[in-house]
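Structure file protein-v3.txt; described as compact mmCIF, C-alpha atoms and all ligand atoms.
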```txt
# COMPACT_ATOMS: atom_id res chain seq x y z
CA MET A 89 -0.71 17.22 -2.20
CA THR A 90 -3.10 19.20 -4.34
CA GLN A 91 -4.56 22.46 -3.14
CA GLU A 92 -7.93 20.75 -3.13
CA ASN A 93 -6.71 18.11 -0.70
CA ARG A 94 -5.05 20.66 1.51
CA LEU A 95 -8.29 22.62 1.61
CA ALA A 96 -10.03 19.42 2.65
CA LEU A 97 -8.44 20.10 6.03
CA ASP A 98 -11.28 22.45 6.80
CA ASN A 99 -13.70 19.60 6.27
CA CYS A 100 -12.44 17.93 9.44
CA ILE A 101 -15.22 18.13 11.99
CA LYS A 102 -13.03 16.62 14.74
CA CYS A 103 -15.35 13.66 15.23
CA SER A 104 -12.38 11.30 15.91
CA ILE A 105 -13.99 8.48 13.92
CA CYS A 106 -10.67 8.04 12.12
CA VAL A 107 -8.94 7.46 15.46
CA SER A 108 -11.29 4.63 16.38
CA HIS A 109 -10.65 2.99 12.98
CA CYS A 110 -6.84 3.30 13.03
CA PRO A 111 -5.38 -0.17 13.72
CA VAL A 112 -2.05 1.30 14.82
CA ALA A 113 -3.48 3.85 17.28
CA LYS A 114 -5.53 0.99 18.81
CA VAL A 115 -2.45 -0.97 19.84
CA THR A 116 0.29 1.58 20.57
CA GLU A 117 0.65 4.95 22.21
CA ARG A 118 3.73 5.66 20.11
CA PHE A 119 1.43 6.86 17.34
CA ALA A 120 -0.55 9.99 18.12
CA GLY A 121 -3.31 8.87 15.72
CA PRO A 122 -4.75 9.97 12.38
CA LYS A 123 -6.56 13.09 13.57
CA GLN A 124 -3.63 14.46 15.54
CA ASN A 125 -0.96 13.56 12.97
CA GLY A 126 -3.29 14.37 10.09
CA PRO A 127 -5.51 17.46 10.00
CA ASP A 128 -4.54 18.79 13.46
CA LEU A 129 -0.81 18.99 12.74
CA GLU A 130 -1.21 19.68 9.02
CA ARG A 131 -2.30 23.22 9.88
CA PHE A 132 1.07 23.80 11.53
CA ARG A 133 2.99 21.96 8.81
CA LEU A 134 1.53 24.20 6.12
CA GLU A 135 3.24 27.13 7.84
CA GLU A 136 6.30 25.32 9.14
CA PRO A 137 7.36 21.93 7.69
CA ALA A 138 9.67 21.39 10.71
CA ALA A 139 6.52 20.89 12.80
CA VAL A 140 6.38 17.26 11.61
CA HIS A 141 6.21 15.04 14.67
CA PRO A 142 8.46 11.92 14.59
CA SER A 143 5.48 9.75 15.54
CA ILE A 144 4.39 10.14 11.89
CA GLY A 145 6.77 7.22 11.19
CA TYR A 146 4.27 4.95 12.96
CA CYS A 147 1.51 5.55 10.40
CA SER A 148 1.41 2.34 8.36
CA ASN A 149 -0.38 3.92 5.36
CA CYS A 150 -3.18 1.35 5.63
CA LYS A 151 -5.78 4.04 4.74
CA ASN A 152 -8.47 2.84 7.14
CA CYS A 153 -8.74 6.44 8.36
CA ASP A 154 -9.60 7.66 4.84
CA VAL A 155 -12.30 4.99 4.52
CA ALA A 156 -13.81 5.90 7.90
CA CYS A 157 -13.73 9.70 7.65
CA PRO A 158 -17.26 11.00 7.04
CA SER A 159 -15.88 14.28 5.66
CA GLY A 160 -13.60 12.87 2.97
CA VAL A 161 -10.37 14.20 4.46
CA SER A 162 -7.30 12.67 2.79
CA ILE A 163 -5.62 11.80 6.07
CA SER A 164 -3.23 9.13 4.79
CA ALA A 165 -2.03 11.42 1.97
CA MET A 166 -1.36 14.17 4.53
CA ASN A 167 0.60 11.69 6.62
CA ALA A 168 2.58 10.44 3.60
CA LYS A 169 3.46 14.02 2.70
CA ALA A 170 4.45 14.75 6.29
CA LYS A 171 6.61 11.62 6.38
CA GLY A 172 8.32 12.86 3.22
CA GLU A 173 8.97 16.22 4.87
CA TYR A 174 10.35 14.49 7.95
CA VAL A 175 12.73 12.35 5.87
CA THR A 176 13.86 15.40 3.88
CA LEU A 177 14.65 17.26 7.11
CA HIS A 178 16.09 14.45 9.22
CA GLY A 179 17.13 11.71 6.78
CA ALA A 180 16.20 8.04 7.02
CA PRO A 181 18.00 4.93 8.27
CA LEU A 182 19.77 2.72 5.71
CA ARG A 183 17.23 -0.02 6.50
CA ASP A 184 14.32 2.12 5.26
CA LYS A 185 16.27 3.10 2.13
CA ILE A 186 16.72 -0.60 1.33
CA LEU A 187 13.21 -1.78 2.28
CA ALA A 188 11.66 0.99 0.17
CA ARG A 189 13.51 -0.14 -2.96
CA VAL A 190 11.53 -3.27 -3.68
CA GLU A 191 12.28 -3.14 -7.41
CA GLN A 192 16.04 -2.95 -6.84
CA MET A 193 15.90 -5.76 -4.27
CA GLY A 194 14.02 -7.88 -6.79
CA LYS A 195 16.61 -7.16 -9.50
CA ALA A 196 19.49 -7.91 -7.12
CA SER A 197 17.87 -11.22 -6.12
CA ARG A 198 18.07 -12.36 -9.74
CA LEU A 199 21.79 -13.07 -9.28
CA ALA A 200 21.02 -16.02 -6.98
CA PRO A 201 17.40 -16.20 -5.79
CA SER A 202 17.78 -19.61 -4.08
CA LEU A 203 20.80 -18.38 -2.15
CA VAL A 204 18.95 -15.21 -1.09
CA ASN A 205 16.05 -17.38 0.13
CA ARG A 206 18.39 -19.68 2.07
CA LEU A 207 20.19 -16.77 3.70
CA GLY A 208 16.83 -15.31 4.74
CA ARG A 209 16.13 -18.49 6.75
CA ILE A 210 19.41 -18.63 8.70
CA LYS A 211 18.43 -17.48 12.19
CA PRO A 212 21.85 -16.22 13.41
CA LEU A 213 22.11 -14.10 10.26
CA ARG A 214 18.62 -12.72 10.88
CA VAL A 215 19.55 -11.86 14.50
CA LEU A 216 22.66 -10.08 13.22
CA GLY A 217 20.52 -8.23 10.66
CA GLU A 218 18.19 -7.09 13.43
CA ALA A 219 21.05 -5.86 15.61
CA MET A 220 22.87 -4.06 12.80
CA MET A 221 20.06 -2.92 10.53
CA GLY A 222 16.87 -3.01 12.59
CA VAL A 223 15.13 -5.59 10.35
CA SER A 224 13.03 -7.94 12.51
CA SER A 225 14.55 -11.39 12.87
CA GLU A 226 11.07 -12.81 13.59
CA MET A 227 9.12 -11.82 10.49
CA THR A 228 8.90 -14.38 7.68
CA MET A 229 10.91 -13.08 4.74
CA PRO A 230 9.33 -13.13 1.28
CA THR A 231 10.95 -15.69 -0.98
CA TYR A 232 12.14 -14.91 -4.49
CA ALA A 233 11.06 -17.02 -7.44
CA LYS A 234 13.59 -18.82 -9.63
CA LYS A 235 12.16 -17.08 -12.70
CA THR A 236 10.35 -13.75 -12.79
CA PHE A 237 6.85 -13.45 -14.20
CA LEU A 238 8.22 -11.47 -17.14
CA GLU A 239 10.64 -14.32 -17.88
CA MET A 240 7.92 -16.98 -17.59
CA PHE A 241 5.14 -15.26 -19.50
CA GLN A 242 4.70 -16.43 -23.10
CA PRO A 243 2.64 -13.95 -25.13
CA LYS A 244 -0.24 -15.59 -26.96
CA LYS A 245 -1.57 -13.92 -30.09
CA ILE A 246 -5.36 -14.11 -30.03
CA THR A 247 -6.67 -12.54 -33.20
CA ALA A 248 -10.31 -12.56 -32.11
CA SER A 249 -9.58 -11.00 -28.69
CA LYS A 250 -12.49 -8.72 -27.80
CA ASP A 251 -10.49 -6.71 -25.32
CA LYS A 252 -6.98 -5.33 -25.38
CA VAL A 253 -5.61 -5.87 -21.89
CA LEU A 254 -2.33 -4.73 -20.36
CA TYR A 255 -1.25 -6.22 -17.04
CA PHE A 256 0.53 -4.04 -14.48
CA GLN A 257 2.03 -7.00 -12.64
CA GLY A 258 3.76 -5.15 -9.81
CA CYS A 259 7.08 -6.08 -8.20
CA TYR A 260 5.77 -8.76 -5.84
CA VAL A 261 4.16 -10.81 -8.61
CA ASN A 262 7.14 -10.32 -10.91
CA TYR A 263 9.88 -11.28 -8.46
CA ASN A 264 8.16 -13.28 -5.72
CA THR A 265 4.87 -14.85 -6.84
CA PRO A 266 4.95 -15.18 -10.65
CA GLU A 267 2.41 -18.01 -10.27
CA VAL A 268 -0.24 -15.34 -9.59
CA GLY A 269 0.48 -13.58 -12.90
CA MET A 270 0.63 -16.94 -14.70
CA ALA A 271 -2.77 -17.90 -13.26
CA LEU A 272 -4.23 -14.63 -14.55
CA ALA A 273 -2.63 -15.15 -17.98
CA ALA A 274 -4.10 -18.69 -18.14
CA VAL A 275 -7.59 -17.53 -17.12
CA LEU A 276 -7.59 -14.75 -19.72
CA ALA A 277 -6.22 -17.00 -22.47
CA TYR A 278 -8.99 -19.51 -21.60
CA HIS A 279 -11.44 -16.69 -22.37
CA ASP A 280 -9.65 -15.84 -25.64
CA ILE A 281 -8.37 -12.55 -24.32
CA GLU A 282 -4.93 -11.42 -25.31
CA LEU A 283 -2.77 -10.23 -22.45
CA THR A 284 0.07 -7.77 -22.96
CA VAL A 285 2.84 -7.29 -20.44
CA GLU A 286 5.61 -4.71 -20.10
CA PRO A 287 8.38 -4.07 -17.65
CA PHE A 288 7.24 -1.22 -15.40
CA ASN A 289 8.88 0.60 -12.56
CA CYS A 290 7.67 -0.19 -9.06
CA CYS A 291 4.38 1.64 -8.48
CA GLY A 292 6.30 3.55 -5.79
CA LEU A 293 4.16 2.68 -2.77
CA PRO A 294 7.06 1.30 -0.66
CA LEU A 295 8.95 4.54 -1.39
CA ILE A 296 5.94 6.66 -0.46
CA ALA A 297 5.34 4.72 2.76
CA ASN A 298 8.97 5.26 3.78
CA GLY A 299 9.01 8.97 2.95
CA PHE A 300 11.02 8.94 -0.30
CA LEU A 301 8.56 10.98 -2.30
CA ASP A 302 11.03 12.41 -4.83
CA VAL A 303 12.09 8.97 -6.09
CA ALA A 304 8.48 7.78 -6.03
CA ARG A 305 7.49 10.80 -8.15
CA GLU A 306 10.08 9.85 -10.81
CA TYR A 307 8.70 6.31 -10.95
CA ALA A 308 5.16 7.66 -11.10
CA GLN A 309 5.96 9.95 -14.04
CA LYS A 310 7.57 7.09 -15.99
CA ASN A 311 4.71 4.68 -15.25
CA VAL A 312 2.04 7.23 -16.16
CA SER A 313 3.61 8.09 -19.51
CA LYS A 314 3.93 4.38 -20.40
CA LEU A 315 0.39 3.56 -19.29
CA GLN A 316 -1.12 6.52 -21.11
CA GLN A 317 0.29 5.28 -24.41
CA TYR A 318 -1.63 2.03 -23.93
CA ILE A 319 -4.81 3.78 -22.83
CA GLU A 320 -4.67 5.92 -25.99
CA GLN A 321 -4.57 2.67 -28.00
CA GLY A 322 -7.74 1.45 -26.25
CA TYR A 323 -6.18 -0.91 -23.71
CA ARG A 324 -7.63 -1.66 -20.32
CA ILE A 325 -5.04 -1.86 -17.56
CA ILE A 326 -5.56 -4.60 -15.03
CA THR A 327 -3.85 -5.32 -11.75
CA THR A 328 -3.85 -8.21 -9.29
CA CYS A 329 -2.29 -6.14 -6.48
CA PRO A 330 -4.76 -3.74 -4.79
CA SER A 331 -1.92 -1.54 -3.51
CA CYS A 332 -0.43 -1.01 -6.98
CA ASN A 333 -3.93 -0.22 -8.25
CA LEU A 334 -4.65 2.35 -5.55
CA THR A 335 -1.23 3.96 -5.87
CA LEU A 336 -1.54 4.39 -9.63
CA ARG A 337 -5.11 5.63 -9.55
CA ARG A 338 -5.13 7.74 -6.41
CA GLU A 339 -1.71 8.42 -4.88
CA TYR A 340 -0.17 9.70 -8.11
CA GLN A 341 -2.86 12.34 -8.30
CA GLU A 342 -3.06 13.15 -4.58
CA LEU A 343 0.66 13.26 -3.88
CA PHE A 344 2.22 14.22 -7.21
CA ASP A 345 -0.53 16.17 -8.99
CA LEU A 346 -0.31 13.80 -11.98
CA ASP A 347 -3.36 13.58 -14.19
CA THR A 348 -4.59 10.01 -13.79
CA SER A 349 -8.23 10.75 -14.60
CA GLN A 350 -8.15 8.27 -17.52
CA PHE A 351 -6.96 5.53 -15.16
CA ASN A 352 -10.20 5.64 -13.23
CA GLU A 353 -12.14 4.24 -16.17
CA GLN A 354 -9.50 2.14 -17.88
CA MET A 355 -7.68 0.65 -14.89
CA MET A 356 -9.28 -2.07 -12.83
CA ASP A 357 -8.70 -5.01 -10.58
CA ALA A 358 -8.44 -8.29 -12.53
CA PHE A 359 -11.68 -9.50 -10.95
CA GLU A 360 -13.52 -6.30 -11.86
CA PHE A 361 -12.57 -7.15 -15.42
CA LEU A 362 -13.75 -10.75 -15.04
CA ASN A 363 -17.03 -9.49 -13.61
CA LEU A 364 -17.38 -7.28 -16.66
CA LEU A 365 -17.05 -10.43 -18.80
CA ASP A 366 -19.67 -12.04 -16.60
CA GLN A 367 -22.08 -9.13 -17.19
CA ARG A 368 -21.50 -9.49 -20.94
CA GLY A 369 -22.29 -13.21 -20.62
CA GLU A 370 -18.72 -14.08 -21.66
CA LEU A 371 -17.40 -15.56 -18.44
CA LYS A 372 -17.14 -19.35 -18.68
CA VAL A 373 -19.05 -20.73 -15.73
CA GLU A 374 -18.44 -24.46 -16.22
CA LEU A 375 -16.09 -24.85 -13.31
CA GLN A 376 -14.68 -27.84 -11.47
CA GLU A 377 -16.17 -28.47 -8.03
CA LEU A 378 -13.88 -27.32 -5.22
CA PRO A 379 -15.35 -28.73 -2.02
CA LYS A 380 -13.48 -26.69 0.58
CA ARG A 381 -13.98 -23.91 3.08
CA VAL A 382 -11.76 -20.95 2.35
CA GLY A 383 -11.21 -17.86 4.49
CA TYR A 384 -11.15 -14.52 2.69
CA HIS A 385 -9.05 -11.60 3.94
CA GLN A 386 -9.84 -8.22 2.38
CA PRO A 387 -6.69 -6.08 1.98
CA CYS A 388 -7.05 -2.55 3.39
CA HIS A 389 -6.09 -1.01 0.05
CA LEU A 390 -8.86 -2.92 -1.73
CA LYS A 391 -11.29 -1.57 0.86
CA ALA A 392 -9.91 1.92 0.27
CA ALA A 393 -10.46 1.56 -3.49
CA GLY A 394 -14.21 1.40 -2.79
CA CYS A 395 -14.92 -1.26 -5.42
CA GLY A 396 -16.33 -3.85 -3.02
CA ILE A 397 -14.84 -7.35 -3.20
CA PRO A 398 -14.91 -8.21 -6.92
CA SER A 399 -13.14 -11.57 -6.46
CA LEU A 400 -15.99 -12.95 -4.35
CA GLU A 401 -18.45 -12.07 -7.12
CA THR A 402 -16.54 -14.31 -9.54
CA LEU A 403 -15.69 -17.11 -7.11
CA ARG A 404 -19.38 -17.68 -6.27
CA HIS A 405 -19.58 -19.54 -9.61
CA ILE A 406 -17.31 -22.31 -8.25
CA PRO A 407 -19.49 -25.23 -7.11
CA GLY A 408 -18.80 -26.60 -3.64
CA LEU A 409 -16.62 -23.67 -2.63
CA GLU A 410 -17.51 -22.06 0.68
CA VAL A 411 -15.85 -18.68 1.16
CA ARG A 412 -15.99 -17.21 4.66
CA ASP A 413 -15.01 -13.56 5.13
CA LEU A 414 -12.48 -13.38 7.96
CA ASP A 415 -13.71 -9.84 8.61
CA ALA A 416 -10.71 -9.25 10.86
CA GLY A 417 -9.56 -5.82 9.65
CA CYS A 418 -5.99 -4.85 8.81
CA CYS A 419 -3.44 -7.70 8.75
CA GLY A 420 -0.87 -5.35 10.30
CA LEU A 421 2.06 -5.93 7.94
CA SER A 422 1.48 -2.93 5.66
CA GLY A 423 4.32 -3.56 3.22
CA SER A 424 7.71 -2.93 4.81
CA TYR A 425 6.19 -1.68 8.10
CA GLY A 426 6.04 -5.01 9.94
CA PHE A 427 9.60 -5.92 8.90
CA LYS A 428 10.97 -3.11 11.03
CA LYS A 429 12.22 -4.20 14.44
CA GLU A 430 10.34 -1.53 16.40
CA LYS A 431 7.12 -2.04 14.42
CA TYR A 432 7.07 -5.84 14.30
CA PRO A 433 5.29 -6.19 17.71
CA ILE A 434 2.66 -3.64 16.59
CA SER A 435 2.06 -5.49 13.32
CA GLN A 436 1.73 -8.81 15.18
CA GLU A 437 -0.73 -7.42 17.69
CA ILE A 438 -2.87 -6.05 14.85
CA GLY A 439 -2.64 -9.41 13.07
CA GLN A 440 -4.04 -11.34 16.04
CA ASN A 441 -7.61 -10.71 14.84
CA ILE A 442 -6.79 -12.67 11.69
CA SER A 443 -5.32 -15.49 13.71
CA ARG A 444 -8.49 -15.70 15.85
CA ALA A 445 -10.79 -15.59 12.80
CA VAL A 446 -8.91 -18.38 11.00
CA GLN A 447 -9.19 -20.58 14.10
CA GLU A 448 -12.86 -19.81 14.74
CA LEU A 449 -13.93 -20.39 11.15
CA ALA A 450 -11.81 -23.55 10.80
CA VAL A 451 -10.94 -22.79 7.16
CA ASP A 452 -8.82 -25.07 4.98
CA GLN A 453 -6.89 -22.22 3.39
CA VAL A 454 -7.03 -18.44 3.03
CA ILE A 455 -7.27 -16.22 -0.03
CA SER A 456 -6.33 -12.55 -0.30
CA GLU A 457 -5.39 -10.30 -3.21
CA CYS A 458 -2.38 -8.57 -1.63
CA GLY A 459 1.01 -10.31 -1.59
CA MET A 460 2.02 -8.73 1.69
CA CYS A 461 -1.31 -9.70 3.32
CA GLN A 462 -0.72 -13.25 2.07
CA LEU A 463 2.67 -13.28 3.78
CA GLN A 464 1.35 -11.90 7.07
CA VAL A 465 -1.70 -14.19 7.18
CA HIS A 466 0.60 -17.16 6.66
CA HIS A 467 3.00 -15.79 9.30
CA VAL A 468 0.36 -15.36 12.00
CA THR A 469 -1.73 -18.47 11.24
CA GLY A 470 0.52 -20.97 9.43
CA ALA A 471 -2.31 -21.39 6.88
CA LYS A 472 -1.70 -21.74 3.15
CA VAL A 473 -2.62 -18.46 1.49
CA TYR A 474 -3.29 -17.84 -2.19
CA HIS A 475 -4.44 -15.11 -4.51
CA PRO A 476 -8.12 -15.65 -5.53
CA ILE A 477 -7.06 -15.84 -9.19
CA GLN A 478 -5.14 -19.02 -8.34
CA LEU A 479 -8.33 -20.58 -6.98
CA LEU A 480 -10.22 -19.59 -10.11
CA ALA A 481 -7.48 -21.06 -12.33
CA GLU A 482 -7.71 -24.28 -10.29
CA ALA A 483 -11.46 -24.43 -10.84
CA TYR A 484 -10.88 -24.01 -14.59
CA HIS A 485 -8.34 -26.90 -14.48
CA LEU A 486 -5.65 -24.41 -15.46
CA ALA A 487 -3.52 -24.51 -12.31
S1 LIG A 501 -3.16 5.26 7.31
FE1 LIG A 501 -3.66 3.60 8.79
S2 LIG A 501 -2.06 3.76 10.36
FE2 LIG A 501 -2.02 5.70 9.21
S3 LIG A 501 -3.34 7.05 10.37
FE3 LIG A 501 -4.62 6.11 8.79
S4 LIG A 501 -5.55 4.33 9.80
FE4 LIG A 501 -3.81 4.96 11.08
S1 LIG A 502 -12.74 11.17 10.76
FE1 LIG A 502 -12.35 12.89 9.36
S2 LIG A 502 -13.63 14.53 10.17
FE2 LIG A 502 -13.45 13.02 11.82
S3 LIG A 502 -11.64 13.69 13.00
FE3 LIG A 502 -10.89 12.24 11.49
S4 LIG A 502 -10.25 13.55 9.77
FE4 LIG A 502 -11.58 14.79 11.07
```

Would you mind giving the structure from this file in C-alpha cells?
Ligand code: SF4
Ligand code: SF4
Amino acid sequence: MTQENRLALDNCIKCSICVSHCPVAKVTERFAGPKQNGPDLERFRLEEPAAVHPSIGYCSNCKNCDVACPSGVSISAMNAKAKGEYVTLHGAPLRDKILARVEQMGKASRLAPSLVNRLGRIKPLRVLGEAMMGVSSEMTMPTYAKKTFLEMFQPKKITASKDKVLYFQGCYVNYNTPEVGMALAAVLAYHDIELTVEPFNCCGLPLIANGFLDVAREYAQKNVSKLQQYIEQGYRIITTCPSCNLTLRREYQELFDLDTSQFNEQMMDAFEFLNLLDQRGELKVELQELPKRVGYHQPCHLKAAGCGIPSLETLRHIPGLEVRDLDAGCCGLSGSYGFKKEKYPISQEIGQNISRAVQELAVDQVISECGMCQLQVHHVTGAKVYHPIQLLAEAYHLA
C-alpha cells in the first residue's frame, strides 16, 4: 500500500457508514466489519503486523465499503494487505492455494475439459471434496469450454480501423466463457474495428483476495510491462470483466505501487468504448427487435470503478428490450469466496436479495458483466444469465 493510502487512515471519521454497506458484516458476526478490520486495526498493524485478526479472512473484497466511505479511505486495500500479512505469518490452506490460481486451473483443464466438467457434477465426489479440501459441495462449479477464447479467436485485418484496440480477456472468458470474447470480437468487427489479443497472466485478483500478494505482484509486473508496450503504440485496452479492469487500474497501484496512470485514460470497459463510438456517431444503431424483459445485475467491482453502467447506455438502442435493474446489491459469490465451505452459507444469504428481485420483476433472463456474478445469479435463481455484449451481438444478428 502506498504511503498516501496509509495516510488516508487519518481521514477516517469513524462514521461507520462502511459497516452499514458491508454485505458480509450484515449477515455474519464472524467478520468484525470494514471499520474495525480496516482503519481501526490498521493503526496497530502498521506497528505490529502480527496484530492481524483472523476474521480478516471473511472480507470478500467486494469493495462496497470503499464506495460508501465519504472520506475516501481505501478500506478494501487495507484488508487485502492485512490478509497478505496474515497468510505470510500463518500460511494458507491448500484449498485457497488452488482456488487462487485460476490461470493454472484453466491451463490444467485443457487436458480434458469435458471430463473436468463431468467430475464437477458428481455429487459424492463433491461431498468428498468438501470433507477433504473444504470446497463447498453445494456451489455450482464453473464449466470449462472445449476451446479457449485464444484458440477460437481469428484475427481480422481491418486496414481502415479507426482505433487500435487490445482486449484483456481475463481468465474466465478465456477458459470458461469464450463466447463472451467472441461476441465482443464480432461486434467490433461489425464496426470495422480491428481487435488484437494476447495471452496475459491472470490479473491477479484471485491471488490478492486469498492473500498471495507476492505472486500477484509478479503477475502484475508482467501484465503492466506488456500493456504499456501497447499503450505506447496508441492502443486502447478494453475489458469485459469489471474485476480485471479494476485490478489492473487500481489494485496494481494501491497494493504494488506500480505506475498505472496511463491505464486510467487508455483502459476501459468494452461498453465505455462502444459509448465512445456512439458519441462519435459511429455506433450502428440499426438493431433487431428483442422483445423481452431482462434483469440487470451490477457487479460490485463495476460500481467501485465509478463509471456508471456503460452497458445500459448502449443497450437502450435495442428496440423492444426492457432492462430492469435488479438493484439487489452484492451477489455474494465474490470470486472464490463463496466456493469455500465456511463461506458458502454467507454468500447464499447475501445472494437472496437477487433471488427476490428476479422473482418480483419476473424477468426472462439476467445480464451482468462479471463471470462470477453470472454464475451466482444462475445458482440462486436458476435464470439464464449472459454478458450484455452477448445481448448486443444478438441484436446485431451476430450471435
Ligand atoms: S470489501 Fe466488502 S466484505 Fe470487505 S469490508 Fe469492504 S464491504 Fe465488507
Ligand atoms: S466509512 Fe470511511 S470514514 Fe466512515 S468509518 Fe468507514 S472508513 Fe471511516

* Gap from atom CA of A:Glu282 to atom CA of A:Leu371 - Å, one decimal ->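 Result for atom CA of A:Glu282 versus atom CA of A:Leu371: 14.8 Å, one decimal.
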
* Asked: So how far away is atom CA of A:Tyr146 from atom CA of A:Gly396, in Å?
  -> 27.5 Å

* Structure fact -> Expressed in Å, the length from atom CA of A:Lys252 to atom CA of A:Tyr323 is 4.8 Å

Dump the neighbourhood of ligand LIG 502 (chain A) as a PDB file with C-alpha atoms, in the frame of the given file: all residues within 8 Å, distances computed on only C-alpha atoms and all ligand atoms.
```pdb
ATOM      1  CA  LEU A  97      -8.440  20.100   6.030  1.00  0.00           C
ATOM      2  CA  ASN A  99     -13.700  19.600   6.270  1.00  0.00           C
ATOM      3  CA  CYS A 100     -12.440  17.930   9.440  1.00  0.00           C
ATOM      4  CA  ILE A 101     -15.220  18.130  11.990  1.00  0.00           C
ATOM      5  CA  LYS A 102     -13.030  16.620  14.740  1.00  0.00           C
ATOM      6  CA  CYS A 103     -15.350  13.660  15.230  1.00  0.00           C
ATOM      7  CA  SER A 104     -12.380  11.300  15.910  1.00  0.00           C
ATOM      8  CA  ILE A 105     -13.990   8.480  13.920  1.00  0.00           C
ATOM      9  CA  CYS A 106     -10.670   8.040  12.120  1.00  0.00           C
ATOM     10  CA  VAL A 107      -8.940   7.460  15.460  1.00  0.00           C
ATOM     11  CA  PRO A 122      -4.750   9.970  12.380  1.00  0.00           C
ATOM     12  CA  LYS A 123      -6.560  13.090  13.570  1.00  0.00           C
ATOM     13  CA  GLY A 126      -3.290  14.370  10.090  1.00  0.00           C
ATOM     14  CA  PRO A 127      -5.510  17.460  10.000  1.00  0.00           C
ATOM     15  CA  CYS A 153      -8.740   6.440   8.360  1.00  0.00           C
ATOM     16  CA  ASP A 154      -9.600   7.660   4.840  1.00  0.00           C
ATOM     17  CA  ALA A 156     -13.810   5.900   7.900  1.00  0.00           C
ATOM     18  CA  CYS A 157     -13.730   9.700   7.650  1.00  0.00           C
ATOM     19  CA  PRO A 158     -17.260  11.000   7.040  1.00  0.00           C
ATOM     20  CA  SER A 159     -15.880  14.280   5.660  1.00  0.00           C
ATOM     21  CA  GLY A 160     -13.600  12.870   2.970  1.00  0.00           C
ATOM     22  CA  VAL A 161     -10.370  14.200   4.460  1.00  0.00           C
ATOM     23  CA  SER A 162      -7.300  12.670   2.790  1.00  0.00           C
ATOM     24  CA  ILE A 163      -5.620  11.800   6.070  1.00  0.00           C
TER      25      ILE A 163
END
```

* Which residues form the shell of 6 Å around ligand LIG 501 (chain A) when you count all atoms listed in the file, given as a ChimeraX atom specification? -> /A:110-112,121-122,147-153,164

Could you take the residues named above and write them with C-alpha atoms, as an mmCIF file, in the frame of the given file?
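Saved file again.cif follows:
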```cif
data_model
loop_
_atom_site.group_PDB
_atom_site.id
_atom_site.type_symbol
_atom_site.label_atom_id
_atom_site.label_comp_id
_atom_site.auth_asym_id
_atom_site.auth_seq_id
_atom_site.Cartn_x
_atom_site.Cartn_y
_atom_site.Cartn_z
ATOM 1 C CA CYS A 110 -6.840 3.300 13.030
ATOM 2 C CA PRO A 111 -5.380 -0.170 13.720
ATOM 3 C CA VAL A 112 -2.050 1.300 14.820
ATOM 4 C CA GLY A 121 -3.310 8.870 15.720
ATOM 5 C CA PRO A 122 -4.750 9.970 12.380
ATOM 6 C CA CYS A 147 1.510 5.550 10.400
ATOM 7 C CA SER A 148 1.410 2.340 8.360
ATOM 8 C CA ASN A 149 -0.380 3.920 5.360
ATOM 9 C CA CYS A 150 -3.180 1.350 5.630
ATOM 10 C CA LYS A 151 -5.780 4.040 4.740
ATOM 11 C CA ASN A 152 -8.470 2.840 7.140
ATOM 12 C CA CYS A 153 -8.740 6.440 8.360
ATOM 13 C CA SER A 164 -3.230 9.130 4.790
#
```

Using the file's own x, y and z axes, so that the box edges lie along x, y and z, what centre and edge lengths in Å (one decimal) does a box around every listed atom of stretch 152-167 of chain A get when 4 Å is added on each side? Give it as AutoDock Vina command-line options.
```
--center_x -8.3 --center_y 8.6 --center_z 5.2 --size_x 25.9 --size_y 19.4 --size_z 14.4
```

* **Nearest to A:Ser249 by atom-to-atom distance, counting only C-alpha atoms, from A:Met229, A:Leu182, A:Ala277, A:Val268** => A:Ala277
